[in-house]
Structures are given as C-alpha cells and as structure tokens.
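Dumped final01.txt below, it's compact mmCIF, C-alpha atoms:
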```
# COMPACT_ATOMS: atom_id res chain seq x y z
CA MET A 18 -96.99 -94.43 38.00
CA THR A 19 -99.80 -91.86 38.34
CA ASN A 20 -97.23 -89.18 39.06
CA ASN A 21 -95.31 -90.23 36.01
CA ILE A 22 -98.39 -90.01 33.76
CA SER A 23 -99.38 -86.69 35.20
CA SER A 24 -95.91 -85.23 34.63
CA ILE A 25 -95.95 -86.53 31.02
CA LEU A 26 -99.39 -84.99 30.45
CA LYS A 27 -98.19 -81.71 31.94
CA ARG A 28 -95.20 -81.69 29.61
CA VAL A 29 -97.37 -82.53 26.55
CA LYS A 30 -99.76 -79.73 27.46
CA GLU A 31 -96.90 -77.24 27.69
CA GLU A 32 -95.47 -78.34 24.37
CA LEU A 33 -98.88 -78.07 22.73
CA LYS A 34 -99.13 -74.48 23.96
CA VAL A 35 -95.75 -73.70 22.39
CA ASP A 36 -96.72 -75.50 19.17
CA LEU A 37 -99.97 -73.56 18.94
CA LEU A 38 -98.05 -70.32 19.28
CA PHE A 39 -95.70 -71.41 16.49
CA ARG A 40 -98.71 -72.00 14.22
CA LEU A 41 -100.30 -68.67 15.11
CA SER A 42 -97.00 -66.88 14.51
CA LYS A 43 -97.41 -67.50 10.79
CA LYS A 44 -100.53 -65.32 10.60
CA GLU A 45 -100.48 -61.55 10.20
CA LEU A 46 -102.47 -58.97 12.15
CA LYS A 47 -100.76 -55.66 12.67
CA ILE A 48 -101.87 -52.38 14.20
CA TYR A 49 -99.21 -50.27 12.43
CA PRO A 50 -96.94 -51.06 9.44
CA LEU A 51 -93.68 -52.53 10.75
CA GLU A 52 -91.60 -50.36 8.40
CA ASP A 53 -93.05 -47.21 10.01
CA ILE A 54 -92.12 -48.46 13.48
CA LEU A 55 -88.57 -49.35 12.46
CA LYS A 56 -88.12 -45.97 10.76
CA GLU A 57 -89.35 -44.12 13.84
CA ILE A 58 -87.06 -46.13 16.14
CA LYS A 59 -84.03 -45.24 14.00
CA LYS A 60 -84.99 -41.57 14.06
CA THR A 61 -85.55 -41.56 17.83
CA ARG A 62 -82.31 -43.50 18.49
CA LYS A 63 -80.30 -40.99 16.50
CA LYS A 64 -81.96 -38.07 18.30
CA LEU A 65 -81.33 -39.58 21.76
CA TRP A 66 -77.74 -40.33 20.82
CA ASN A 67 -77.15 -36.72 19.79
CA GLU A 68 -78.86 -35.35 22.90
CA LYS A 69 -77.50 -37.72 25.54
CA TYR A 70 -74.39 -39.62 24.51
CA SER A 71 -72.52 -38.15 21.54
CA LYS A 72 -70.66 -35.57 23.61
CA THR A 73 -69.58 -37.92 26.39
CA ILE A 74 -68.54 -40.94 24.33
CA MET B 8 -88.00 -77.51 27.39
CA LYS B 9 -87.16 -79.47 30.52
CA ASN B 10 -87.94 -77.68 33.76
CA THR B 11 -84.41 -78.26 35.00
CA GLN B 12 -82.89 -76.67 31.91
CA LYS B 13 -81.48 -73.16 32.18
CA LEU B 14 -83.77 -70.58 30.62
CA PHE B 15 -82.35 -68.49 27.78
CA LYS B 16 -81.67 -64.87 28.69
CA VAL B 17 -82.70 -62.75 25.74
CA PHE B 18 -82.09 -59.04 25.23
CA LEU B 19 -84.75 -57.40 23.08
CA ASP B 20 -83.90 -54.50 20.85
CA THR B 21 -86.67 -51.86 20.76
CA SER B 22 -87.53 -53.01 17.22
CA VAL B 23 -88.46 -56.51 18.41
CA LEU B 24 -90.29 -55.29 21.49
CA LEU B 25 -92.51 -52.86 19.57
CA SER B 26 -93.01 -55.28 16.70
CA GLY B 27 -94.15 -57.93 19.18
CA LEU B 28 -96.58 -55.54 20.81
CA ASN B 29 -97.82 -54.38 17.41
CA SER B 30 -98.65 -57.75 15.88
CA PRO B 31 -99.88 -60.64 18.01
CA PHE B 32 -98.89 -63.33 15.51
CA GLY B 33 -95.37 -62.51 14.31
CA ALA B 34 -92.09 -64.05 15.48
CA SER B 35 -91.48 -61.10 17.83
CA ALA B 36 -94.89 -61.59 19.46
CA PHE B 37 -94.13 -65.25 19.84
CA ILE B 38 -90.98 -64.39 21.80
CA LEU B 39 -93.08 -62.18 24.10
CA ALA B 40 -95.57 -65.03 24.50
CA LEU B 41 -92.77 -67.45 25.43
CA PHE B 42 -91.70 -64.94 28.05
CA LYS B 43 -95.24 -64.84 29.48
CA LEU B 44 -95.23 -68.64 29.59
CA LYS B 45 -91.95 -68.37 31.55
CA LYS B 46 -90.03 -70.24 28.85
CA LEU B 47 -87.34 -67.57 28.63
CA ILE B 48 -86.07 -64.48 30.42
CA ILE B 49 -86.39 -61.16 28.67
CA VAL B 50 -83.85 -58.47 29.42
CA ILE B 51 -84.20 -54.83 28.40
CA SER B 52 -82.37 -51.66 29.41
CA PRO B 53 -83.61 -48.23 30.51
CA GLU B 54 -82.42 -47.05 27.08
CA VAL B 55 -84.82 -49.47 25.35
CA ILE B 56 -87.65 -48.30 27.62
CA LEU B 57 -86.94 -44.63 26.93
CA GLU B 58 -86.72 -45.22 23.20
CA ALA B 59 -89.96 -47.23 23.18
CA GLU B 60 -91.77 -44.59 25.25
CA LYS B 61 -90.70 -41.80 22.89
CA VAL B 62 -91.64 -43.74 19.76
CA ILE B 63 -95.05 -44.71 21.20
CA GLU B 64 -95.72 -41.16 22.39
CA THR B 65 -94.82 -39.63 19.04
CA LYS B 66 -96.53 -41.92 16.56
CA PHE B 67 -97.99 -45.16 17.86
CA PRO B 68 -100.34 -44.42 20.78
CA LEU B 69 -102.21 -47.72 20.44
CA LEU B 70 -99.09 -49.52 21.65
CA LYS B 71 -99.12 -47.72 24.99
CA ILE B 72 -101.31 -50.21 26.87
CA PRO B 73 -99.58 -53.33 25.49
CA PHE B 74 -96.24 -51.69 26.41
CA LEU B 75 -97.34 -51.00 30.00
CA ASP B 76 -98.72 -54.52 30.22
CA PHE B 77 -95.36 -55.88 29.06
CA LEU B 78 -93.47 -53.81 31.65
CA SER B 79 -95.78 -55.02 34.40
CA SER B 80 -95.12 -58.64 33.47
CA GLY B 81 -91.63 -58.41 34.94
CA PRO B 82 -88.90 -58.27 32.31
CA MET B 83 -85.39 -58.00 33.72
CA ILE B 84 -84.28 -54.36 33.45
CA THR B 85 -80.58 -53.55 33.57
CA LYS B 86 -79.28 -50.59 35.52
CA LYS B 87 -78.71 -47.34 33.63
CA LEU B 88 -75.57 -47.40 31.50
CA THR B 89 -72.57 -45.25 32.24
CA ALA B 90 -70.41 -43.62 29.56
CA LYS B 91 -67.65 -46.03 30.59
CA GLU B 92 -69.92 -48.97 29.71
CA ILE B 93 -71.06 -47.51 26.39
CA LYS B 94 -67.52 -46.79 25.15
CA PRO B 95 -66.48 -50.42 24.47
CA ALA B 96 -69.75 -51.01 22.61
CA TYR B 97 -69.14 -47.86 20.60
CA ARG B 98 -65.70 -49.13 19.64
CA ILE B 99 -67.40 -52.21 18.17
CA ILE B 100 -70.36 -50.62 16.47
CA ASN B 101 -69.37 -46.97 16.07
CA SER B 102 -72.97 -45.73 15.83
CA GLU B 103 -75.99 -44.62 17.83
CA ASP B 104 -76.81 -48.33 18.37
CA ALA B 105 -73.96 -48.53 20.91
CA PRO B 106 -76.18 -48.01 24.01
CA ILE B 107 -78.38 -50.94 22.93
CA LEU B 108 -75.38 -53.22 22.46
CA ALA B 109 -73.94 -52.00 25.77
CA GLY B 110 -77.25 -52.85 27.49
CA ALA B 111 -77.09 -56.42 26.19
CA ILE B 112 -73.47 -56.75 27.35
CA LYS B 113 -74.40 -55.41 30.77
CA GLY B 114 -77.35 -57.82 30.99
CA LYS B 115 -75.01 -60.82 30.45
CA VAL B 116 -77.49 -62.35 28.03
CA ASP B 117 -77.33 -65.41 25.79
CA PHE B 118 -78.90 -63.66 22.79
CA LEU B 119 -79.57 -60.20 21.43
CA ILE B 120 -82.61 -60.14 19.15
CA THR B 121 -83.11 -57.35 16.64
CA LEU B 122 -85.06 -56.59 13.48
CA ASP B 123 -82.50 -54.00 12.38
CA LYS B 124 -80.53 -55.76 9.64
CA LYS B 125 -77.72 -53.21 9.60
CA PHE B 126 -77.28 -53.43 13.38
CA LEU B 127 -77.29 -57.23 13.20
CA LYS B 128 -74.81 -57.37 10.32
CA THR B 129 -72.42 -55.00 12.06
CA ILE B 130 -72.22 -56.88 15.36
CA LYS B 131 -72.50 -60.44 14.03
CA PRO B 132 -68.69 -60.77 13.48
CA PHE B 133 -68.14 -59.78 17.14
CA GLU B 134 -70.34 -62.47 18.71
CA LYS B 135 -67.37 -64.26 20.26
CA LYS B 136 -65.98 -61.04 21.72
CA ILE B 137 -69.30 -59.85 23.18
CA GLY B 138 -70.19 -63.32 24.46
CA PHE B 139 -73.66 -63.80 22.96
CA LYS B 140 -75.38 -64.57 19.67
CA VAL B 141 -77.20 -61.95 17.64
CA PHE B 142 -80.31 -63.08 15.77
CA THR B 143 -83.51 -61.93 14.14
CA PRO B 144 -86.65 -63.12 15.99
CA LYS B 145 -87.21 -65.83 13.39
CA GLU B 146 -83.64 -67.14 13.69
CA PHE B 147 -83.92 -67.16 17.45
CA LEU B 148 -87.15 -69.17 17.35
CA GLU B 149 -85.43 -71.82 15.25
CA VAL B 150 -82.70 -72.13 17.89
CA PHE B 151 -85.29 -72.15 20.66
CA ARG B 152 -87.30 -74.89 18.99
CA ARG B 153 -84.21 -77.04 18.49
CA ASN B 154 -83.56 -76.78 22.23
CA LEU B 155 -87.07 -77.82 23.30
```

Do you think you could lay out the structure here as structure tokens?
Amino acid sequence: MTNNISSILKRVKEELKVDLLFRLSKKELKIYPLEDILKEIKKTRKKLWNEKYSKTI
Amino acid sequence: MKNTQKLFKVFLDTSVLLSGLNSPFGASAFILALFKLKKLIIVISPEVILEAEKVIETKFPLLKIPFLDFLSSGPMITKKLTAKEIKPAYRIINSEDAPILAGAIKGKVDFLITLDKKFLKTIKPFEKKIGFKVFTPKEFLEVFRRNL
C-alpha cells in the first residue's frame, strides 16, 4: 500500500515537472533573434556542403 | 510516461538545438529539458556539432557555454557519415541538407525535429521510406504529450 502511494506520488511529481515546463514554454526570453540563427545555419550548411561534400556526392 | 515505455529517439537539426540553447522557454528548449529529465533520447551527428560550432564561433558566442553543457549531458552522437551514407539522403533531398537527413537515418531515430520549413516540407513525403516522422518542435511536443 505504502509502496503503491509512493509510486503514485513519484509519478505525479514527474508529470507536474513536465506540465510546468509546458507552461514555461509559452514564454519568450531569447538571447539572439531566432531568424538570425536560422539564417546563419543555412549559410554555414551551404559552405560546409561546398567544402566537404559536393565533390564526393 | 510510464517507466517501462520505450523512450523516443529524437534527432535534432542544428536549428532546433541552437534555438533551444538560445531561448529557455520555447518548444525547442522544452525538448532539451525533457532530455535532461531523461524523458527522451536526443541523437545528433558530428555534422550537427560541426555546424553548431561554426555558427556559434562566427556570430553567437553567448551560446558557447550552453552548447558545451548540452554536449556534456550525454546526447547520443552518431559516427561520422561516409559519402556512401550521404548519397541516398541526397537522392531524396537533393540539397546541402542531405548530411543532416543522413545523420538521422544513421541514428535510427523515431523523429527528426527541425525549424527549417523548407527542409521539413521536402522530406515530409518520404517519411515512410526513411522510417521516421519529421516535425517542428511544437508538433513533436503535441505527439509527446499525447503519449504521456
């Protein structure tokens, strides 16, 4: 019985953690604008492709 | 999620990884938090690491420490891709995104998560062929929540 309650409490605690994260995920707090990051990734990916893969693929 | 349930294996595109490190409260950050809570397995490839390193080095130095912290938290890292492994991915996507897709195929994942809409739209019709679903972070979280 005690084990059962403790495992339920453990499960509830874990789900509360996940729920809290879901709530927090709706807020915004960024270091850099996301668009700038995505743009830079595209640029870097293209550059790496040209340098490393384009000739062998 | 029940402890006995199999954990989702999720490949992160560089866009999701850096977005998650950049903003603690977005959907991408939530995926990283689930990983830290051991609710899912994150898979990346050496190509994602290299790309992230270069991008951080060039323009976003404040992401360096969060990136190193993420690496030290034990994501699964695939072995380096060979040209032979990139070729089939290139036949599907025909662009510089091929090494990322090839990394996800090599990692035998359940999901590939990306913020690049063009990348997502291109590979979405091939989900059956590649053997995993392709989602945005937000879409993935909906699936994750339904499976809790």

Chain B near chain A within 10 Å: what's each residue's closest atom pair and its distance in Å to one decimal, counting all atoms listed in the file, ordered by chain then ascending residue number, as a Markdown table?
```
| residue | atom | partner | partner_atom | distance |
| --- | --- | --- | --- | --- |
| B:Met8 | CA | A:Glu32 | CA | 8.1 |
| B:Lys9 | CA | A:Arg28 | CA | 8.4 |
| B:Asn10 | CA | A:Arg28 | CA | 9.3 |
| B:Thr21 | CA | A:Ile58 | CA | 7.4 |
| B:Ser22 | CA | A:Leu55 | CA | 6.1 |
| B:Val23 | CA | A:Leu55 | CA | 9.3 |
| B:Leu25 | CA | A:Ile54 | CA | 7.5 |
| B:Ser26 | CA | A:Leu51 | CA | 6.6 |
| B:Gly27 | CA | A:Lys47 | CA | 9.6 |
| B:Leu28 | CA | A:Ile48 | CA | 9.0 |
| B:Asn29 | CA | A:Ile48 | CA | 5.5 |
| B:Ser30 | CA | A:Lys47 | CA | 4.4 |
| B:Pro31 | CA | A:Leu46 | CA | 6.6 |
| B:Phe32 | CA | A:Ser42 | CA | 4.1 |
| B:Gly33 | CA | A:Ser42 | CA | 4.7 |
| B:Ala34 | CA | A:Ser42 | CA | 5.7 |
| B:Ser35 | CA | A:Ser42 | CA | 8.7 |
| B:Ala36 | CA | A:Ser42 | CA | 7.5 |
| B:Phe37 | CA | A:Ser42 | CA | 6.3 |
| B:Ile38 | CA | A:Leu38 | CA | 9.6 |
| B:Ala40 | CA | A:Leu38 | CA | 7.8 |
| B:Leu41 | CA | A:Val35 | CA | 7.6 |
| B:Leu44 | CA | A:Val35 | CA | 8.8 |
| B:Lys46 | CA | A:Val35 | CA | 9.3 |
| B:Glu54 | CA | A:Leu65 | CA | 9.2 |
| B:Val55 | CA | A:Arg62 | CA | 9.4 |
| B:Leu57 | CA | A:Leu65 | CA | 9.1 |
| B:Glu58 | CA | A:Thr61 | CA | 6.6 |
| B:Ala59 | CA | A:Ile58 | CA | 7.7 |
| B:Lys61 | CA | A:Thr61 | CA | 7.2 |
| B:Val62 | CA | A:Ile58 | CA | 6.3 |
| B:Ile63 | CA | A:Ile54 | CA | 9.1 |
| B:Thr65 | CA | A:Glu57 | CA | 8.8 |
| B:Lys66 | CA | A:Glu57 | CA | 8.0 |
| B:Phe67 | CA | A:Tyr49 | CA | 7.6 |
| B:Leu69 | CA | A:Ile48 | CA | 7.8 |
| B:Leu70 | CA | A:Ile48 | CA | 8.5 |
| B:Thr89 | CA | A:Tyr70 | CA | 9.7 |
| B:Ala90 | CA | A:Ile74 | CA | 6.2 |
| B:Lys91 | CA | A:Ile74 | CA | 8.1 |
| B:Glu92 | CA | A:Ile74 | CA | 9.8 |
| B:Ile93 | CA | A:Ile74 | CA | 7.3 |
| B:Lys94 | CA | A:Ile74 | CA | 6.0 |
| B:Pro95 | CA | A:Ile74 | CA | 9.7 |
| B:Tyr97 | CA | A:Ile74 | CA | 7.9 |
| B:Arg98 | CA | A:Ile74 | CA | 9.9 |
| B:Ser102 | CA | A:Lys63 | CA | 8.8 |
| B:Glu103 | CA | A:Trp66 | CA | 5.5 |
| B:Asp104 | CA | A:Arg62 | CA | 7.3 |
| B:Ala105 | CA | A:Trp66 | CA | 9.0 |
| B:Pro106 | CA | A:Trp66 | CA | 8.5 |
| B:Ile107 | CA | A:Arg62 | CA | 9.5 |
| B:Leu122 | CA | A:Leu55 | CA | 8.1 |
| B:Asp123 | CA | A:Leu55 | CA | 7.6 |
| B:Lys145 | CA | A:Ser42 | CA | 9.9 |
| B:Leu148 | CA | A:Phe39 | CA | 8.9 |
| B:Arg152 | CA | A:Val35 | CA | 9.2 |
| B:Leu155 | CA | A:Glu32 | CA | 8.5 |
```

d(CA of Glu64 in chain B, CA of Lys43 in chain B) in Å: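 One can read the CA of Glu64 in chain B to CA of Lys43 in chain B distance as 24.7 Å.
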
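Computed from the coordinates, the CA of Phe139 in chain B to CA of Lys125 in chain B distance equals 17.5 Å.
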
Would you mind reading off the distance between CA of Gly81 in chain B and CA of Ile49 in chain B, one decimal, in Å?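 Computed distance, CA of Gly81 in chain B to CA of Ile49 in chain B, equals 8.6 Å.
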